[in-house]
Structures are given as structure tokens and as C-alpha cells.
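**Q** Input: one structure, supplied below.
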Amino acid sequence: MSRQGSIATAWAGLTGTLELFPMAVIQLMLRIGVAMVFWKSGLTKVVTTESGSWPLLPPELGSSTVMLFELEYQVPLLPPELAAWLATAAELTMPVLLVLGLGSRFAAAALLGMTAVIQVFVYPGNWPEHLFWAGALALVLTRGAGAISLDALIAGRR
């Protein structure tokens, strides 16, 4: 066998071994990774109370959050107060659904829409980061959450 043939055989063996890695683990990692981006963003928008806790629904938005939507984000067609509330609610609920893999296609669609709005109207220069988010979310939207998810558990019981 030639040297090229042995390299090709070794490469085929390596890639074949790598393809044995469970796709469900990759899907879980992508779901958690993209969910954390939105979750952290949502946490920055809620105000803590005197007791140090904060309510999840509806989030108490600080004036700085609304000001952020008035001055920097400037989402068209929505008043800043509504845009701030909707974005915060989405950023605190959709990531939880993604991580759990519950209603994950719906959560992915919502965050994909949010990513498109951010890309077009807020930070068009951050397209490489948004493209990564969109890719992870598009995988969940088109292929589902994977075997390590509540969606798969529910589907298995039907």
C-alpha cells in the first residue's frame, strides 16, 4: 500500500471513530451554549428587590433597561417599554425551555427571531456572533432538541 493510501485509510478510520460521538450530546451542548447567552442578557435587565430576590414573571424592569431600549436598541414599531418587557421575558423563559429541551423548536424559533432583530436593527456589525447563535438555533428548529431532552422523552411516550 502506498503512503497516500495508508494516510487515507488512517484518516477514514479517525473520522469514522469521531462520527460515533453521540449527536445528542452535541445538540445538548449547543442548546446550553446559546441559551446561556440569552439568559445572561435577561438577567442584566431585571431589578433586584430589597430582599435581593427578583420575580420571574413579569420581570421588574429598571429605568436603565427601558433607557437602553430607548437610546441604544431602538427596535422599530414597538414602544421601548414593551420591547424591553418582551425581550426580558423571552430571554428569561426561552433559554430555560432550550436547556430542558421542552418545546425546544418553539423556543429556538423565538430566539432566532430575536437574533434576526438584534442583527438587523441593533448590532449589525456583530454578524459573526449572531451567525453562530442562528446556526445553533436553526439546528434545534429544524432537527429538534435531540435524544437528551424532555421533547424526546414526551415523544417516546406517545
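Note on naming: chains are A, B, ... as they come in the C-alpha cells, residues start from 1 per chain, ligands start from 1 in the order shown.
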Taking the DSSP assignment computed from this structure's backbone, write out as a ChimeraX atom specification all residues of chain A that belong to helix (DSSP H, G or I).

**A** /A:3-18,23-43,63-73,80-100,104-122,124-143,150-157

**Q** Mind pulling up the distance from CA of Val122 in chain A to CA of Met29 in chain A?

**A**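 Taking CA of Met29 in chain A and CA of Val122 in chain A, their separation equals 26.8 Å.
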
**Q** Suppose you want the space between CA of Ile118 in chain A and CA of Phe38 in chain A; what is it in Å?

**A**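 Separation between CA of Ile118 in chain A and CA of Phe38 in chain A: 11.7 Å.
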
**Q** For Met94 in chain A, which of A:Ile148, A:Phe132, A:Ala116, A:Ile32 is the closest residue, counting only C-alpha atoms?

**A**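 Of all the options, A:Ile32 lies closest to Met94 in chain A.
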
**Q** Determine the nearest neighbour of Gln119 in chain A from the options A:Val75, A:Ala155, A:Met1, A:Leu28, counting only C-alpha atoms.

**A** A:Val75

**Q** At a cut-off of 8 Å, using only C-alpha atoms, what residues contact Thr65 in chain A? Leave out same-chain residues fewer than 6 positions from it and give the result as a list of chain:residue names.

**A**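 Near Thr65 in chain A, the qualifying residues are A:Lys45, A:Val46, A:Ala84.
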
**Q** So what do you get for CA of Leu68 in chain A versus CA of Glu91 in chain A, distance-wise?

**A** 15.4 Å

**Q** Please identify all polymer residues within 12 Å of Gly135 in chain A, counting only C-alpha atoms, omitting same-chain residues fewer than 6 positions from it, and present them as a PyMOL selection string.

**A** chain A and resi 27+30-31+33-34+108-109+111-112+115-116+127-129+141-143

**Q** Restricted to N, CA and C atoms, what would the selected residues look like written as a short mmCIF file (atom, residue, chain, number, x, y, z; two decimals), in the first residue's frame?

**A**
data_model
loop_
_atom_site.label_atom_id
_atom_site.label_comp_id
_atom_site.auth_asym_id
_atom_site.auth_seq_id
_atom_site.Cartn_x
_atom_site.Cartn_y
_atom_site.Cartn_z
N GLN A 27 -25.98 18.34 20.42
CA GLN A 27 -27.19 19.14 20.44
C GLN A 27 -27.42 19.75 21.82
N LEU A 30 -24.93 22.65 22.32
CA LEU A 30 -25.35 23.83 21.57
C LEU A 30 -26.55 24.51 22.22
N ARG A 31 -27.50 23.71 22.69
CA ARG A 31 -28.69 24.28 23.35
C ARG A 31 -28.29 25.05 24.60
N GLY A 33 -25.26 26.28 25.35
CA GLY A 33 -24.40 27.42 24.99
C GLY A 33 -25.19 28.62 24.53
N VAL A 34 -26.10 28.43 23.60
CA VAL A 34 -26.87 29.57 23.08
C VAL A 34 -27.87 30.04 24.13
N ALA A 108 -36.51 27.85 20.10
CA ALA A 108 -35.49 28.17 19.10
C ALA A 108 -36.02 29.17 18.08
N ALA A 109 -37.27 29.00 17.65
CA ALA A 109 -37.87 29.93 16.69
C ALA A 109 -37.96 31.34 17.29
N LEU A 111 -36.13 32.66 19.74
CA LEU A 111 -34.79 33.26 19.89
C LEU A 111 -34.14 33.52 18.54
N LEU A 112 -34.47 32.74 17.54
CA LEU A 112 -33.97 33.00 16.19
C LEU A 112 -34.55 34.31 15.66
N THR A 115 -32.80 37.03 17.45
CA THR A 115 -31.46 37.18 16.88
C THR A 115 -31.51 37.99 15.58
N ALA A 116 -32.51 37.74 14.76
CA ALA A 116 -32.66 38.49 13.50
C ALA A 116 -32.90 39.96 13.78
N TRP A 127 -22.34 40.36 13.21
CA TRP A 127 -22.87 39.23 12.46
C TRP A 127 -22.16 37.90 12.70
N PRO A 128 -20.82 37.86 12.96
CA PRO A 128 -20.23 36.53 13.20
C PRO A 128 -20.81 35.85 14.44
N GLU A 129 -21.01 36.62 15.51
CA GLU A 129 -21.59 36.07 16.73
C GLU A 129 -23.04 35.66 16.50
N LEU A 141 -34.29 24.13 15.67
CA LEU A 141 -35.56 24.37 14.97
C LEU A 141 -35.82 23.29 13.92
N THR A 142 -34.81 22.93 13.16
CA THR A 142 -35.01 22.01 12.05
C THR A 142 -34.85 20.54 12.41
N ARG A 143 -34.06 20.24 13.44
CA ARG A 143 -33.80 18.84 13.78
C ARG A 143 -34.33 18.45 15.16
#

**Q** List the neighbours of Ala83 in chain A out to 12 Å using only C-alpha atoms; skip same-chain residues closer than 3 positions along the sequence, and give me the result as a ChimeraX atom specification.

**A** /A:45,61,65-70,73-80,86-91,114,117-118

**Q** With a distance cut-off of 6 Å and only C-alpha atoms, select the neighbouring residues of Trp39 in chain A, excluding the residue or stretch itself and same-chain residues fewer than 2 positions from it, and output the selection as a list in words.

**A**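 Here the qualifying residues turn out to be Met36, Val37, Ser41, Gly42, Glu91, Leu92 and Pro95 of chain A.
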
**Q** Find, counting only C-alpha atoms, the residue in A:Ala12, A:Ala107, A:Leu71, A:Leu82 that gets nearest to Ala145 in chain A.

**A** A:Ala107
